[in-house]
$ cat target-v2.cif   # mmCIF, C-alpha atoms
data_final
#
loop_
_atom_site.group_PDB
_atom_site.id
_atom_site.type_symbol
_atom_site.label_atom_id
_atom_site.label_comp_id
_atom_site.auth_asym_id
_atom_site.auth_seq_id
_atom_site.Cartn_x
_atom_site.Cartn_y
_atom_site.Cartn_z
ATOM 1 C CA MET A 1 -2.110 18.541 -0.082
ATOM 2 C CA ILE A 2 -0.670 15.020 -0.240
ATOM 3 C CA GLY A 3 2.993 14.485 0.611
ATOM 4 C CA ILE A 4 4.543 11.608 -1.358
ATOM 5 C CA ILE A 5 7.330 10.207 0.801
ATOM 6 C CA ASN A 6 10.293 10.173 -1.547
ATOM 7 C CA TYR A 7 12.897 7.699 -0.283
ATOM 8 C CA GLY A 8 14.127 6.332 -3.614
ATOM 9 C CA ALA A 9 12.088 3.108 -3.794
ATOM 10 C CA GLY A 10 8.881 4.311 -5.413
ATOM 11 C CA ASN A 11 7.441 4.193 -8.900
ATOM 12 C CA ILE A 12 6.503 7.857 -8.700
ATOM 13 C CA PHE A 13 5.599 8.628 -12.314
ATOM 14 C CA SER A 14 2.453 6.500 -12.728
ATOM 15 C CA LEU A 15 1.250 7.571 -9.258
ATOM 16 C CA THR A 16 1.705 11.301 -9.936
ATOM 17 C CA ALA A 17 0.042 10.908 -13.357
ATOM 18 C CA ALA A 18 -3.028 9.339 -11.664
ATOM 19 C CA LEU A 19 -3.123 12.130 -9.048
ATOM 20 C CA ASP A 20 -2.836 14.729 -11.834
ATOM 21 C CA ARG A 21 -5.800 13.163 -13.661
ATOM 22 C CA GLN A 22 -7.868 13.464 -10.461
ATOM 23 C CA GLU A 23 -6.597 17.028 -9.876
ATOM 24 C CA ILE A 24 -5.263 15.997 -6.457
ATOM 25 C CA ALA A 25 -2.482 18.311 -5.256
ATOM 26 C CA TYR A 26 0.770 16.674 -4.105
ATOM 27 C CA GLU A 27 4.431 17.387 -3.444
ATOM 28 C CA MET A 28 7.451 15.191 -2.760
ATOM 29 C CA VAL A 29 8.519 14.874 0.869
ATOM 30 C CA ASN A 30 12.299 14.581 1.149
ATOM 31 C CA SER A 31 12.852 15.534 4.795
ATOM 32 C CA ALA A 32 11.117 15.201 8.150
ATOM 33 C CA ASP A 33 11.011 18.959 8.761
ATOM 34 C CA SER A 34 8.470 19.439 5.947
ATOM 35 C CA PHE A 35 5.891 16.939 7.304
ATOM 36 C CA ASP A 36 3.762 19.699 8.863
ATOM 37 C CA ARG A 37 2.910 21.089 5.419
ATOM 38 C CA TYR A 38 0.773 18.090 4.381
ATOM 39 C CA ASP A 39 -2.600 16.774 5.514
ATOM 40 C CA ARG A 40 -2.067 13.205 4.227
ATOM 41 C CA PHE A 41 0.799 11.067 2.977
ATOM 42 C CA ILE A 42 1.470 8.306 0.438
ATOM 43 C CA ILE A 43 4.309 5.804 0.828
ATOM 44 C CA PRO A 44 4.937 4.330 -2.637
ATOM 45 C CA GLY A 45 7.182 1.353 -3.226
ATOM 46 C CA VAL A 46 8.301 -1.182 -5.791
ATOM 47 C CA GLY A 47 10.884 -3.940 -5.615
ATOM 48 C CA HIS A 48 12.356 -5.497 -2.475
ATOM 49 C CA ALA A 49 10.801 -4.729 0.944
ATOM 50 C CA GLY A 50 14.095 -5.187 2.811
ATOM 51 C CA ALA A 51 15.940 -2.835 0.441
ATOM 52 C CA ALA A 52 13.056 -0.338 0.624
ATOM 53 C CA MET A 53 13.214 -0.396 4.442
ATOM 54 C CA GLN A 54 16.968 0.182 4.304
ATOM 55 C CA LYS A 55 16.440 3.213 2.020
ATOM 56 C CA LEU A 56 13.740 4.490 4.374
ATOM 57 C CA GLU A 57 16.132 4.173 7.336
ATOM 58 C CA GLU A 58 18.881 5.961 5.389
ATOM 59 C CA SER A 59 16.420 8.779 4.604
ATOM 60 C CA GLY A 60 15.997 9.452 8.356
ATOM 61 C CA LEU A 61 12.190 9.463 7.982
ATOM 62 C CA VAL A 62 11.286 6.316 9.944
ATOM 63 C CA GLU A 63 10.440 7.911 13.303
ATOM 64 C CA SER A 64 8.573 10.773 11.609
ATOM 65 C CA ILE A 65 6.444 8.299 9.643
ATOM 66 C CA LYS A 66 5.635 6.257 12.760
ATOM 67 C CA SER A 67 4.438 9.390 14.559
ATOM 68 C CA ILE A 68 2.137 10.688 11.770
ATOM 69 C CA LYS A 69 -1.428 11.213 13.031
ATOM 70 C CA LYS A 70 -2.868 12.168 9.615
ATOM 71 C CA PRO A 71 -3.998 9.628 6.976
ATOM 72 C CA VAL A 72 -1.183 7.585 5.396
ATOM 73 C CA LEU A 73 -1.538 5.256 2.380
ATOM 74 C CA GLY A 74 1.105 2.640 1.598
ATOM 75 C CA ILE A 75 1.012 1.247 -1.953
ATOM 76 C CA CYS A 76 2.442 -2.202 -2.873
ATOM 77 C CA VAL A 77 5.847 -2.391 -1.111
ATOM 78 C CA GLY A 78 4.743 0.783 0.692
ATOM 79 C CA MET A 79 1.927 -1.299 2.220
ATOM 80 C CA GLN A 80 4.321 -4.119 3.138
ATOM 81 C CA LEU A 81 6.527 -1.581 4.959
ATOM 82 C CA LEU A 82 3.632 -1.006 7.387
ATOM 83 C CA THR A 83 3.901 -4.624 8.625
ATOM 84 C CA GLU A 84 6.291 -5.832 11.301
ATOM 85 C CA PHE A 85 8.352 -8.304 9.255
ATOM 86 C CA SER A 86 8.936 -9.479 5.688
ATOM 87 C CA GLU A 87 10.239 -12.854 4.570
ATOM 88 C CA GLU A 88 11.862 -10.876 1.733
ATOM 89 C CA GLY A 89 15.378 -10.508 3.106
ATOM 90 C CA ASN A 90 14.105 -11.504 6.595
ATOM 91 C CA SER A 91 13.607 -7.811 7.280
ATOM 92 C CA SER A 92 12.118 -5.975 10.230
ATOM 93 C CA LEU A 93 9.811 -3.245 8.908
ATOM 94 C CA LEU A 94 7.892 -0.286 10.422
ATOM 95 C CA GLY A 95 5.726 -2.508 12.631
ATOM 96 C CA ILE A 96 2.628 -0.303 12.429
ATOM 97 C CA ALA A 97 0.300 -3.291 11.872
ATOM 98 C CA PRO A 98 1.233 -6.478 13.788
ATOM 99 C CA VAL A 99 1.084 -8.735 10.710
ATOM 100 C CA LYS A 100 3.746 -10.315 8.504
ATOM 101 C CA THR A 101 4.621 -10.158 4.808
ATOM 102 C CA ARG A 102 5.110 -13.667 3.415
ATOM 103 C CA HIS A 103 6.262 -15.270 0.170
ATOM 104 C CA PHE A 104 3.951 -17.142 -2.218
ATOM 105 C CA THR A 105 5.454 -20.621 -1.831
ATOM 106 C CA GLU A 106 6.000 -23.215 -4.574
ATOM 107 C CA ASP A 107 3.562 -25.674 -3.000
ATOM 108 C CA LEU A 108 0.689 -23.332 -3.947
ATOM 109 C CA ARG A 109 1.378 -24.267 -7.626
ATOM 110 C CA ILE A 110 0.814 -20.758 -8.872
ATOM 111 C CA LYS A 111 2.884 -18.479 -11.076
ATOM 112 C CA VAL A 112 4.975 -16.037 -9.040
ATOM 113 C CA PRO A 113 4.970 -13.057 -9.169
ATOM 114 C CA HIS A 114 1.210 -12.613 -9.021
ATOM 115 C CA THR A 115 0.797 -10.244 -11.979
ATOM 116 C CA GLY A 116 -2.403 -8.871 -13.461
ATOM 117 C CA TRP A 117 -6.007 -8.162 -12.558
ATOM 118 C CA ASN A 118 -7.623 -9.834 -9.556
ATOM 119 C CA ARG A 119 -10.948 -9.454 -7.805
ATOM 120 C CA VAL A 120 -10.878 -7.618 -4.468
ATOM 121 C CA SER A 121 -13.534 -8.385 -1.838
ATOM 122 C CA VAL A 122 -14.214 -5.864 0.911
ATOM 123 C CA GLN A 123 -13.978 -7.476 4.351
ATOM 124 C CA ASN A 124 -14.479 -4.518 6.682
ATOM 125 C CA GLU A 125 -16.209 -1.278 5.738
ATOM 126 C CA SER A 126 -13.735 1.445 4.846
ATOM 127 C CA LYS A 127 -14.089 4.917 3.359
ATOM 128 C CA LEU A 128 -11.196 3.928 1.086
ATOM 129 C CA PHE A 129 -13.596 1.727 -0.931
ATOM 130 C CA GLU A 130 -16.563 4.119 -0.947
ATOM 131 C CA GLY A 131 -18.316 4.079 -4.328
ATOM 132 C CA ILE A 132 -16.317 1.028 -5.458
ATOM 133 C CA PRO A 133 -18.445 -2.120 -5.946
ATOM 134 C CA ASN A 134 -17.445 -5.192 -3.947
ATOM 135 C CA GLY A 135 -15.625 -7.644 -6.211
ATOM 136 C CA THR A 136 -14.000 -4.929 -8.348
ATOM 137 C CA TYR A 137 -10.796 -5.938 -10.146
ATOM 138 C CA PHE A 138 -7.508 -4.174 -9.344
ATOM 139 C CA TYR A 139 -4.032 -4.571 -10.838
ATOM 140 C CA PHE A 140 -1.380 -6.504 -8.843
ATOM 141 C CA VAL A 141 2.358 -7.174 -9.287
ATOM 142 C CA HIS A 142 3.934 -8.910 -6.273
ATOM 143 C CA SER A 143 5.751 -12.034 -5.080
ATOM 144 C CA TYR A 144 5.108 -11.381 -1.376
ATOM 145 C CA PHE A 145 1.750 -10.920 0.336
ATOM 146 C CA ILE A 146 0.439 -9.722 3.679
ATOM 147 C CA GLU A 147 -1.189 -12.495 5.659
ATOM 148 C CA PHE A 148 -4.950 -12.296 6.057
ATOM 149 C CA ASN A 149 -5.952 -10.975 9.469
ATOM 150 C CA SER A 150 -9.617 -10.257 10.199
ATOM 151 C CA THR A 151 -8.721 -7.325 12.496
ATOM 152 C CA PHE A 152 -6.570 -5.348 10.053
ATOM 153 C CA THR A 153 -7.705 -6.652 6.644
ATOM 154 C CA VAL A 154 -10.054 -4.187 4.946
ATOM 155 C CA ALA A 155 -10.224 -6.159 1.687
ATOM 156 C CA PHE A 156 -8.818 -9.457 0.476
ATOM 157 C CA ALA A 157 -7.969 -11.209 -2.765
ATOM 158 C CA ASP A 158 -7.346 -14.848 -3.579
ATOM 159 C CA TYR A 159 -4.286 -16.212 -5.367
ATOM 160 C CA GLY A 160 -3.586 -19.760 -4.253
ATOM 161 C CA LEU A 161 -4.632 -18.530 -0.807
ATOM 162 C CA LYS A 162 -6.578 -15.646 0.719
ATOM 163 C CA PHE A 163 -4.380 -12.621 1.410
ATOM 164 C CA SER A 164 -4.801 -8.989 2.440
ATOM 165 C CA ALA A 165 -5.385 -6.735 -0.564
ATOM 166 C CA ALA A 166 -5.923 -3.734 1.762
ATOM 167 C CA ILE A 167 -5.265 -3.174 5.456
ATOM 168 C CA SER A 168 -5.879 -0.398 7.942
ATOM 169 C CA LYS A 169 -4.834 0.434 11.457
ATOM 170 C CA ASN A 170 -5.875 3.779 12.931
ATOM 171 C CA ASN A 171 -4.797 6.446 10.397
ATOM 172 C CA PHE A 172 -2.604 4.042 8.378
ATOM 173 C CA TYR A 173 -3.941 2.321 5.255
ATOM 174 C CA GLY A 174 -2.260 0.037 2.763
ATOM 175 C CA VAL A 175 -3.154 -1.501 -0.593
ATOM 176 C CA GLN A 176 -1.196 -4.353 -2.172
ATOM 177 C CA PHE A 177 -2.502 -3.571 -5.666
ATOM 178 C CA HIS A 178 -1.530 -0.516 -7.716
ATOM 179 C CA PRO A 179 -4.474 1.937 -7.688
ATOM 180 C CA GLU A 180 -2.592 4.144 -10.147
ATOM 181 C CA LYS A 181 -2.657 1.274 -12.684
ATOM 182 C CA SER A 182 -6.191 0.061 -11.886
ATOM 183 C CA GLY A 183 -8.276 2.347 -14.091
ATOM 184 C CA GLU A 184 -11.355 4.132 -12.778
ATOM 185 C CA ALA A 185 -11.663 2.077 -9.588
ATOM 186 C CA GLY A 186 -8.058 2.792 -8.637
ATOM 187 C CA GLU A 187 -8.460 6.489 -9.251
ATOM 188 C CA GLN A 188 -11.673 6.480 -7.191
ATOM 189 C CA LEU A 189 -9.699 4.904 -4.335
ATOM 190 C CA LEU A 190 -7.014 7.611 -4.586
ATOM 191 C CA LYS A 191 -9.765 10.253 -4.620
ATOM 192 C CA ASN A 192 -11.371 8.630 -1.541
ATOM 193 C CA PHE A 193 -8.003 8.721 0.222
ATOM 194 C CA SER A 194 -7.539 12.403 -0.678
ATOM 195 C CA GLU A 195 -10.869 13.140 1.053
ATOM 196 C CA LEU A 196 -10.317 11.136 4.258
#
$ encode --input "target-v2.cif" --output "structure tokens"
Amino acid sequence: MIGIINYGAGNIFSLTAALDRQEIAYEMVNSADSFDRYDRFIIPGVGHAGAAMQKLEESGLVESIKSIKKPVLGICVGMQLLTEFSEEGNSSLLGIAPVKTRHFTEDLRIKVPHTGWNRVSVQNESKLFEGIPNGTYFYFVHSYFIEFNSTFTVAFADYGLKFSAAISKNNFYGVQFHPEKSGEAGEQLLKNFSEL
């Protein structure tokens, strides 16, 4: 059973619809005392990383999340929350992976936010991408990106610069794209996560 961490900053509907299509069981996690019921967790997130972190702190779930030993998947802003710092609101985040979330700057001469389909290249082997061909396209919507780091980057994409499309550290995984909006490949990734 997957526990979706419900802290008021997630686009839950499209995620739950994708899990339903894959017949993956899930429930919403609203309090720390129910964490023991689940064998993996998803941290969704849309919008502003600083505001999302504030909501997470208000939910009282921060320390419980940091101490999870089971697989955790952060999606979009949920992935950014796993980093130590975001330029969005100059916010300190969960600090699980020692990397930073940065803004696509004007000097890159690209349209921000980065919206639409982009090719994802696998950097380090991960069960998350099992059965998904290298170079598969996934759907992105973001103005901030996680800096490329060869230790923690599982897969990268290119948009004016090379950035982390997926990261992992121990039992924590994150994807910048939206698997729930990325068709078959995205649903395969969610299925892979549900079997970790």
$ residues_around --input "target-v2.cif" --residues "Val175 of chain A" --least-positions-apart "3" --cutoff "6 Å" --atoms "all atoms listed in the file" --output "list of chain:residue names"
A:Ile75, A:Met79, A:Ala165, A:Ala166
$ residues_near_point --input "target-v2.cif" --point "(-14.8, -4.8, -1.6)" --cutoff "7 Å" --atoms "all atoms listed in the file" --output "ChimeraX atom specification"
/A:120-123,129,133-136,155
$ resolve_selection --input "target-v2.cif" --expression "the PyMOL selection byres ((chain A and resi 113-115) around 8)" --output "list in words"
Lys111, Val112, Gly116, Trp117, Tyr139, Phe140, Val141, His142, Ser143, Tyr144 and Tyr159 of chain A
$ write_last_selection --input "target-v2.cif" --atoms "C-alpha atoms" --output "PDB file, in the frame of the given file"
ATOM      1  CA  LYS A 111       2.884 -18.479 -11.076  1.00  0.00           C
ATOM      2  CA  VAL A 112       4.975 -16.037  -9.040  1.00  0.00           C
ATOM      3  CA  GLY A 116      -2.403  -8.871 -13.461  1.00  0.00           C
ATOM      4  CA  TRP A 117      -6.007  -8.162 -12.558  1.00  0.00           C
ATOM      5  CA  TYR A 139      -4.032  -4.571 -10.838  1.00  0.00           C
ATOM      6  CA  PHE A 140      -1.380  -6.504  -8.843  1.00  0.00           C
ATOM      7  CA  VAL A 141       2.358  -7.174  -9.287  1.00  0.00           C
ATOM      8  CA  HIS A 142       3.934  -8.910  -6.273  1.00  0.00           C
ATOM      9  CA  SER A 143       5.751 -12.034  -5.080  1.00  0.00           C
ATOM     10  CA  TYR A 144       5.108 -11.381  -1.376  1.00  0.00           C
ATOM     11  CA  TYR A 159      -4.286 -16.212  -5.367  1.00  0.00           C
TER      12      TYR A 159
END
$ residues_around --input "target-v2.cif" --residues "Phe145 of chain A" --least-positions-apart "4" --cutoff "8 Å" --atoms "only C-alpha atoms" --output "ChimeraX atom specification"
/A:80,101-104,163-164,176
$ closest_residue --input "target-v2.cif" --among "A:Lys100, A:Arg21, A:His48, A:Arg40" --to "Gly78 of chain A" --atoms "only C-alpha atoms"
A:His48
$ atom_distance --input "target-v2.cif" --atom1 "atom CA of Leu128 of chain A" --atom2 "atom CA of Leu189 of chain A"
5.7 Å
$ closest_residue --input "target-v2.cif" --among "A:Leu81, A:Val46, A:Leu196, A:Ile68" --to "Phe177 of chain A" --atoms "only C-alpha atoms"
A:Val46
$ resolve_selection --input "target-v2.cif" --expression "the PyMOL selection byres ((chain A and resi 69) around 10)" --output "number ranges by chain"
A: 39-40, 65-68, 70-72, 170-172
$ closest_residue --input "target-v2.cif" --among "A:Leu94, A:Ala185, A:Val99, A:Leu108" --to "Ser150 of chain A" --atoms "only C-alpha atoms"
A:Val99
$ axis_aligned_box --input "target-v2.cif" --around "segment 30-49 of chain A" --padding-each-side "4 Å" --output "JSON"
{"center_x": 5.1, "center_y": 7.8, "center_z": 1.5, "size_x": 23.5, "size_y": 34.6, "size_z": 22.7}
$ closest_residue --input "target-v2.cif" --among "A:Gly131, A:Pro179, A:Pro98, A:Gly186" --to "Pro44 of chain A" --atoms "all atoms listed in the file"
A:Pro179
$ closest_residue --input "target-v2.cif" --among "A:Glu187, A:Glu195, A:Asp107, A:Glu180" --to "Asn11 of chain A" --atoms "only C-alpha atoms"
A:Glu180
